[in-house]
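Q: Input entry_8.cif, format and content: mmCIF, C-alpha atoms.
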data_model
#
loop_
_atom_site.label_atom_id
_atom_site.label_comp_id
_atom_site.auth_asym_id
_atom_site.auth_seq_id
_atom_site.Cartn_x
_atom_site.Cartn_y
_atom_site.Cartn_z
CA MET T 1 -77.30 -14.82 -51.54
CA THR T 2 -73.79 -15.97 -52.40
CA PRO T 3 -70.90 -13.56 -52.97
CA THR T 4 -69.78 -13.28 -56.55
CA ARG T 5 -66.14 -13.51 -57.47
CA ASP T 6 -64.46 -11.00 -59.70
CA HIS T 7 -62.48 -13.18 -62.05
CA HIS T 8 -60.85 -10.10 -63.56
CA ALA T 9 -59.42 -8.91 -60.20
CA GLN T 10 -55.61 -8.93 -59.99
CA PRO T 11 -53.92 -11.08 -57.34
CA PRO T 12 -52.38 -9.19 -54.41
CA GLU T 13 -48.91 -7.83 -55.05
CA GLY T 14 -46.10 -9.73 -53.42
CA ILE T 15 -42.45 -10.68 -53.66
CA ASP T 16 -40.71 -14.03 -53.52
CA LEU T 17 -38.10 -14.44 -50.78
CA PRO T 18 -35.87 -17.46 -50.08
CA ALA T 19 -37.66 -19.86 -47.77
CA PRO T 20 -36.23 -20.11 -44.24
CA THR T 21 -34.16 -23.18 -43.56
CA ALA T 22 -32.18 -24.62 -40.65
CA TRP T 23 -29.70 -26.59 -42.75
CA PRO T 24 -26.91 -23.94 -42.55
CA ILE T 25 -26.99 -24.25 -38.75
CA VAL T 26 -26.64 -28.04 -39.07
CA VAL T 27 -23.63 -27.62 -41.38
CA ALA T 28 -22.00 -25.13 -38.99
CA LEU T 29 -22.56 -27.46 -36.02
CA GLY T 30 -21.09 -30.38 -37.94
CA ILE T 31 -17.94 -28.46 -38.91
CA THR T 32 -17.51 -27.29 -35.31
CA LEU T 33 -17.79 -30.83 -33.97
CA ALA T 34 -15.42 -32.13 -36.65
CA PHE T 35 -12.67 -29.77 -35.48
CA ALA T 36 -13.54 -30.24 -31.80
CA GLY T 37 -12.82 -33.93 -32.19
CA LEU T 38 -9.18 -33.14 -32.97
CA ILE T 39 -8.63 -32.21 -29.33
CA THR T 40 -11.24 -34.45 -27.68
CA HIS T 41 -12.13 -37.80 -29.28
CA ALA T 42 -12.34 -39.21 -32.78
CA ALA T 43 -16.03 -40.08 -32.29
CA VAL T 44 -16.84 -36.38 -32.00
CA SER T 45 -15.23 -35.75 -35.39
CA VAL T 46 -17.17 -38.66 -36.94
CA VAL T 47 -20.47 -37.25 -35.67
CA GLY T 48 -19.51 -33.77 -36.86
CA ILE T 49 -18.60 -34.95 -40.37
CA ALA T 50 -21.88 -36.90 -40.60
CA LEU T 51 -23.88 -33.83 -39.52
CA ALA T 52 -22.00 -31.61 -41.98
CA LEU T 53 -22.73 -34.01 -44.89
CA ILE T 54 -26.40 -34.33 -43.97
CA GLY T 55 -26.76 -30.58 -43.63
CA ALA T 56 -24.95 -29.99 -46.93
CA VAL T 57 -27.31 -32.36 -48.78
CA GLY T 58 -30.37 -30.75 -47.18
CA TRP T 59 -29.08 -27.29 -47.99
CA TRP T 60 -28.37 -28.36 -51.57
CA ARG T 61 -31.93 -29.59 -52.02
CA GLU T 62 -33.25 -26.24 -50.84
CA VAL T 63 -31.86 -24.53 -53.94
CA LEU T 64 -31.65 -27.28 -56.57
CA PRO T 65 -33.25 -28.21 -58.90
CA GLU T 66 -35.52 -25.28 -57.95
CA GLN T 67 -35.04 -22.81 -55.16
CA ARG T 68 -37.64 -22.89 -52.45
CA VAL T 69 -39.25 -19.50 -52.04
CA GLU T 70 -41.84 -17.99 -49.75
CA ARG T 71 -44.43 -15.56 -51.04
CA VAL T 72 -44.70 -12.37 -49.00
CA ILE T 73 -47.84 -10.34 -49.64
CA LEU T 74 -47.28 -6.61 -49.75
CA ARG T 75 -49.63 -4.05 -48.35
CA PRO T 76 -51.72 -1.95 -50.71
CA VAL T 77 -50.04 1.17 -51.95
CA ASP T 78 -52.30 3.47 -49.96
CA LEU T 79 -51.43 1.64 -46.70
CA ARG T 80 -47.68 1.67 -47.14
CA PRO T 81 -45.59 4.22 -45.29
CA SER T 82 -44.40 7.18 -47.26
CA ALA T 83 -40.96 7.09 -48.77
CA VAL T 84 -38.16 8.52 -46.69
CA VAL T 85 -36.74 11.61 -48.29
CA PRO T 86 -32.99 11.82 -47.56
CA SER T 87 -31.80 15.11 -46.21
CA LYS T 88 -28.31 16.46 -46.23
CA PRO T 89 -27.94 18.90 -43.35
CA PRO T 90 -24.69 20.80 -43.17
CA VAL T 91 -22.06 19.05 -41.04
CA GLU T 92 -19.73 21.15 -38.97
CA ARG T 93 -16.47 19.29 -38.57
CA ALA T 94 -14.47 19.89 -35.42
CA SER T 95 -10.71 20.04 -35.59
CA ILE T 96 -8.30 18.67 -33.02
CA GLY T 97 -8.27 20.86 -29.95
CA GLU T 98 -11.21 23.01 -31.05
CA GLY T 99 -14.00 23.28 -28.51
CA ALA T 100 -12.25 20.84 -26.17
CA HIS T 101 -12.60 18.15 -28.83
CA ARG T 102 -9.96 15.41 -28.67
CA ALA T 103 -9.95 12.29 -30.78
CA ARG T 104 -7.46 10.59 -28.50
CA VAL T 105 -6.14 11.13 -25.02
CA PRO T 106 -3.63 12.61 -24.57
CA VAL T 107 -3.17 15.13 -27.35
CA GLU T 108 0.43 15.73 -26.27
CA VAL T 109 2.93 13.36 -24.69
CA GLN T 110 6.22 13.86 -22.94
CA PRO T 111 9.37 12.62 -24.71
CA TYR T 112 10.98 9.43 -23.43
CA SER T 113 14.21 11.34 -22.87
CA ALA T 114 12.43 13.42 -20.23
CA GLY T 115 11.41 10.23 -18.45
CA ILE T 116 15.01 8.97 -18.46
CA ARG T 117 16.30 12.28 -17.12
CA GLY T 118 13.54 12.38 -14.54
CA GLY T 119 14.38 8.85 -13.43
CA ILE T 120 18.04 9.72 -13.02
CA VAL T 121 17.31 12.94 -11.07
CA GLY T 122 14.71 11.18 -8.93
CA GLY T 123 17.09 8.30 -8.29
CA ILE T 124 19.76 10.73 -7.09
CA ALA T 125 17.28 12.48 -4.76
CA MET T 126 16.14 9.13 -3.41
CA ALA T 127 19.72 7.93 -2.92
CA VAL T 128 20.64 11.08 -0.98
CA LEU T 129 17.81 10.50 1.50
CA ALA T 130 18.62 6.79 1.75
CA LEU T 131 22.28 7.54 2.52
CA ALA T 132 21.19 10.17 5.03
CA TYR T 133 19.06 7.53 6.73
CA GLY T 134 22.04 5.21 6.81
CA LEU T 135 24.27 7.83 8.45
CA ILE T 136 21.70 9.17 10.92
CA VAL T 137 19.92 6.00 11.99
CA GLN T 138 22.29 3.12 11.19
CA ARG T 139 25.59 5.06 11.28
CA SER T 140 26.68 3.49 8.01
CA LEU T 141 26.47 4.54 4.39
CA TRP T 142 26.43 0.91 3.28
CA TYR T 143 23.35 -0.22 5.20
CA PRO T 144 20.74 1.03 2.66
CA ILE T 145 22.85 -0.20 -0.26
CA ASN T 146 23.24 -3.68 1.25
CA LEU T 147 19.53 -3.76 2.07
CA LEU T 148 18.66 -2.94 -1.55
CA ALA T 149 21.10 -5.56 -2.81
CA ALA T 150 19.34 -8.11 -0.63
CA VAL T 151 16.58 -8.19 -3.26
CA ALA T 152 19.03 -10.00 -5.58
CA LEU T 153 21.20 -11.55 -2.85
CA PRO T 154 18.87 -13.43 -0.46
CA ALA T 155 21.76 -14.15 1.89
CA LEU T 156 21.94 -10.48 2.86
CA ALA T 157 18.34 -10.55 4.06
CA HIS T 158 19.42 -12.92 6.86
CA ALA T 159 22.74 -11.20 7.52
CA SER T 160 23.53 -9.66 10.87
CA LEU T 161 23.35 -5.94 11.54
CA ALA T 162 27.13 -5.67 11.53
CA GLU T 163 27.33 -7.35 8.10
CA LEU T 164 24.72 -4.99 6.68
CA ARG T 165 26.68 -2.00 7.93
CA ALA T 166 29.93 -3.23 6.41
CA PHE T 167 31.09 -2.50 2.86
CA GLY T 168 30.69 -5.25 0.27
CA LEU T 169 31.86 -4.79 -3.31
CA LEU T 170 29.33 -7.24 -4.82
CA ALA T 171 26.45 -5.75 -2.83
CA PHE T 172 27.55 -2.22 -3.82
CA VAL T 173 27.63 -3.07 -7.54
CA ILE T 174 24.30 -4.94 -7.50
CA GLY T 175 22.58 -2.28 -5.38
CA THR T 176 23.75 0.49 -7.69
CA ILE T 177 22.61 -1.36 -10.82
CA VAL T 178 19.21 -2.27 -9.33
CA HIS T 179 18.61 1.27 -8.11
CA GLY T 180 19.61 2.78 -11.46
CA LEU T 181 17.48 0.45 -13.55
CA ILE T 182 14.39 0.83 -11.39
CA SER T 183 14.79 4.62 -11.34
CA VAL T 184 15.04 4.86 -15.13
CA LEU T 185 12.09 2.51 -15.69
CA VAL T 186 9.88 4.38 -13.24
CA GLY T 187 10.93 7.65 -14.88
CA LEU T 188 9.79 6.30 -18.24
CA LEU T 189 6.48 5.31 -16.67
CA TYR T 190 6.11 8.87 -15.41
CA ALA T 191 6.66 10.24 -18.91
CA VAL T 192 4.04 7.88 -20.36
CA ILE T 193 1.37 7.97 -17.64
CA LEU T 194 1.45 11.56 -16.32
CA PRO T 195 0.07 13.16 -19.55
CA MET T 196 -2.95 10.81 -19.37
CA LEU T 197 -3.82 11.75 -15.79
CA PRO T 198 -6.00 14.73 -14.81
CA ARG T 199 -4.51 18.02 -13.79
CA ARG T 200 -2.17 18.47 -10.83
CA HIS T 201 0.47 16.12 -12.14
CA MET T 202 2.74 16.87 -9.22
CA LEU T 203 0.08 15.59 -6.83
CA TRP T 204 -0.23 12.34 -8.79
CA GLY T 205 3.47 11.85 -9.38
CA GLY T 206 4.81 13.30 -6.15
CA LEU T 207 2.38 11.88 -3.59
CA ILE T 208 -0.24 9.44 -4.87
CA ALA T 209 2.06 7.30 -7.03
CA PRO T 210 4.79 6.95 -4.32
CA LEU T 211 2.18 5.94 -1.73
CA LEU T 212 0.68 3.35 -4.09
CA TRP T 213 4.14 2.01 -4.95
CA THR T 214 5.08 1.81 -1.25
CA GLY T 215 1.91 -0.13 -0.46
CA LEU T 216 2.60 -2.55 -3.30
CA VAL T 217 6.21 -3.13 -2.21
CA TRP T 218 5.14 -3.56 1.42
CA ALA T 219 2.49 -6.14 0.54
CA VAL T 220 4.67 -8.13 -1.89
CA LEU T 221 7.81 -8.04 0.26
CA GLY T 222 5.86 -9.12 3.32
CA ILE T 223 4.84 -12.30 1.47
CA VAL T 224 8.04 -13.01 -0.48
CA ASP T 225 10.62 -12.19 2.21
CA PRO T 226 9.18 -11.20 5.63
CA THR T 227 12.68 -11.03 7.14
CA LEU T 228 13.77 -8.36 4.68
CA ALA T 229 10.45 -6.51 5.10
CA ALA T 230 11.02 -6.32 8.86
CA ARG T 231 14.39 -4.56 8.34
CA VAL T 232 13.03 -1.82 6.08
CA ASP T 233 12.30 1.47 7.83
CA TRP T 234 9.00 2.21 6.08
CA PRO T 235 8.62 5.89 7.12
CA TRP T 236 12.03 6.66 5.60
CA PHE T 237 11.09 4.53 2.60
CA VAL T 238 7.94 6.62 2.04
CA VAL T 239 9.89 9.87 2.35
CA SER T 240 12.50 8.70 -0.17
CA GLN T 241 9.78 7.61 -2.59
CA ILE T 242 8.07 10.99 -2.34
CA ALA T 243 11.42 12.69 -3.00
CA PHE T 244 11.83 10.55 -6.11
CA GLY T 245 8.31 11.34 -7.29
CA LEU T 246 8.70 15.09 -6.80
CA ALA T 247 12.10 15.25 -8.50
CA ALA T 248 11.10 13.04 -11.43
CA GLY T 249 7.74 14.80 -11.76
CA VAL T 250 9.36 18.23 -11.98
CA VAL T 251 11.77 17.12 -14.71
CA VAL T 252 9.03 15.38 -16.73
CA ALA T 253 6.53 18.24 -16.32
CA ARG T 254 9.05 20.87 -17.47
CA ALA T 255 9.96 18.97 -20.64
CA HIS T 256 8.64 20.28 -23.95
CA PRO T 257 5.63 18.08 -24.89
CA LEU T 258 5.32 16.43 -28.29
CA ALA T 259 2.08 16.41 -30.28
CA THR T 260 0.67 12.98 -31.00
CA MET T 261 0.17 11.70 -34.54
CA GLN T 262 -3.52 12.62 -34.55
CA THR T 263 -2.52 16.24 -35.27
CA TRP T 264 -0.38 15.24 -38.24
CA PRO T 265 -1.72 15.38 -41.81
CA LEU T 266 -2.65 12.12 -43.47
CA ALA T 267 0.42 12.09 -45.71
CA ALA T 268 2.70 12.41 -42.70
CA ARG T 269 0.91 9.67 -40.75
CA ALA T 270 1.08 7.33 -43.74
CA GLY T 271 4.76 8.07 -44.29
CA VAL T 272 4.19 9.39 -47.81
CA GLU T 273 6.20 12.37 -49.03
CA THR T 274 4.10 14.79 -51.04
CA SER T 275 5.15 17.78 -53.05
CA ARG T 276 3.51 21.17 -52.54
CA ASP T 277 3.59 21.84 -56.27
CA ARG T 278 0.97 19.16 -56.97
#
Just give me the structure of the file as structure tokens.
A:
Amino acid sequence: MTPTRDHHAQPPEGIDLPAPTAWPIVVALGITLAFAGLITHAAVSVVGIALALIGAVGWWREVLPEQRVERVILRPVDLRPSAVVPSKPPVERASIGEGAHRARVPVEVQPYSAGIRGGIVGGIAMAVLALAYGLIVQRSLWYPINLLAAVALPALAHASLAELRAFGLLAFVIGTIVHGLISVLVGLLYAVILPMLPRRHMLWGGLIAPLLWTGLVWAVLGIVDPTLAARVDWPWFVVSQIAFGLAAGVVVARAHPLATMQTWPLAARAGVETSRDR
């Protein structure tokens, strides 16, 4: 017995899709090599241009005069998965600050003016302890100033103890400028970084940050200028840094925080003035 064919049966349902081809990859490789030859060798560009032309011709023949297609047979209707019915569940939108939701961290920042004030106050507190160290240990107010000026005047790093204890106008001016600039810059860093840290800002700004900064200065100064590093009294240095951190941290923490732009309406963030009458 031989099976009979139903000549009236319909062919299986299918769709025509573009046939897969590797010519686009060849074109991309050729263009890449053509540009790579501009910084390597002209032969690389020649090979790249040849590959790009060959790939372009092959790609062209894939679509002209007739596009190559591949027949994909579809499953019968009864074997196809059921259609997905879209659902629109209610969406509860959270606002900034509601339920501990925050789009960005931090929600509030300290003003830069607080960082400048904190740097100035911290610099004064640090200078008082440094001058106290000079009077108590070195019996000279000018010793810590000359030692700070040695960062910009390398000759002072190799000066004698008597020269470091003596007054020098140039060292006084440079030491004051360096101390003031560093204090203000660190104060600005406090205003920017402290709101992004976890709670207990005074612990971070008054203890952890000064210890990290002291370790960094000790490591760098020991490599750059070991002679100057040997003359620094590191326990007093740590105490003065902690005084700076506590003073600057108090000023920055007590400043009135400013809300970030994420709490502003869209018109305000875009800089567009809108009228309430509309």
Q: At what distance in Å, to one decimal, does CA of Ala219 in chain T lie from CA of Ile193 in chain T?
A: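 Atom-to-atom, CA of Ile193 in chain T and CA of Ala219 in chain T are spaced 23.0 Å apart.
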Q: Run the PyMOL selection byres ((chain T and resi 255) around 8) on the file and write out the hits as a list in words.
A: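 Residues picked by the PyMOL selection byres ((chain T and resi 255) around 8): Gln110, Pro111, Ala114, Val251, Val252, Ala253, Arg254, His256 and Pro257 of chain T.
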Q: What residues come out when you apply the PyMOL selection byres ((chain T and resi 129) around 12) to this file, written as a PyMOL selection string?
A: chain T and resi 122-128+130-137+141+144-145+235-244
Q: Enter the distance from CA of Val47 in chain T to CA of Phe35 in chain T, in Å, rounded to one decimal.
A: 10.8 Å
Q: Separation of CA of Leu164 in chain T and CA of Ile177 in chain T, in Å?
A: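 According to the coordinates, CA of Leu164 in chain T and CA of Ile177 in chain T are separated by 18.0 Å.
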Q: Evaluate the PyMOL selection byres ((chain T and resi 31) around 12) on the structure here and hand back the selected residues as a list of chain:residue names.
A: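 With the shown file as input, the PyMOL selection byres ((chain T and resi 31) around 12) matches T:Pro24, T:Ile25, T:Val26, T:Val27, T:Ala28, T:Leu29, T:Gly30, T:Thr32, T:Leu33, T:Ala34, T:Phe35, T:Ala36, T:Gly37, T:Leu38, T:Val44, T:Ser45, T:Val46, T:Val47, T:Gly48, T:Ile49, T:Ala50, T:Leu51, T:Ala52, T:Leu53, T:Ile54, T:Gly55, T:Ala56.
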Q: Given the choices T:Pro20, T:Pro90, T:Gly14, T:Gly249, which gets closest to Gly119 in chain T if the distance is worked out from all atoms listed in the file?
A: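 Among the listed residues, the smallest separation from Gly119 in chain T belongs to T:Gly249.
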Q: Restricting the calculation to all atoms listed in the file: of T:Ala43, T:Ala83, T:Asp16, T:Thr227, which residue gets closest to Arg71 in chain T?
A: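 Nearest to Arg71 in chain T: T:Asp16.
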Q: So, with all atoms listed in the file as the atoms that count, which of T:Trp218, T:Gly115, T:Ala149, T:Leu17 lies closest to Ala230 in chain T?
A: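 Checking each of T:Trp218, T:Gly115, T:Ala149, T:Leu17 against Ala230 in chain T, counting all atoms listed in the file, the winner is T:Trp218.
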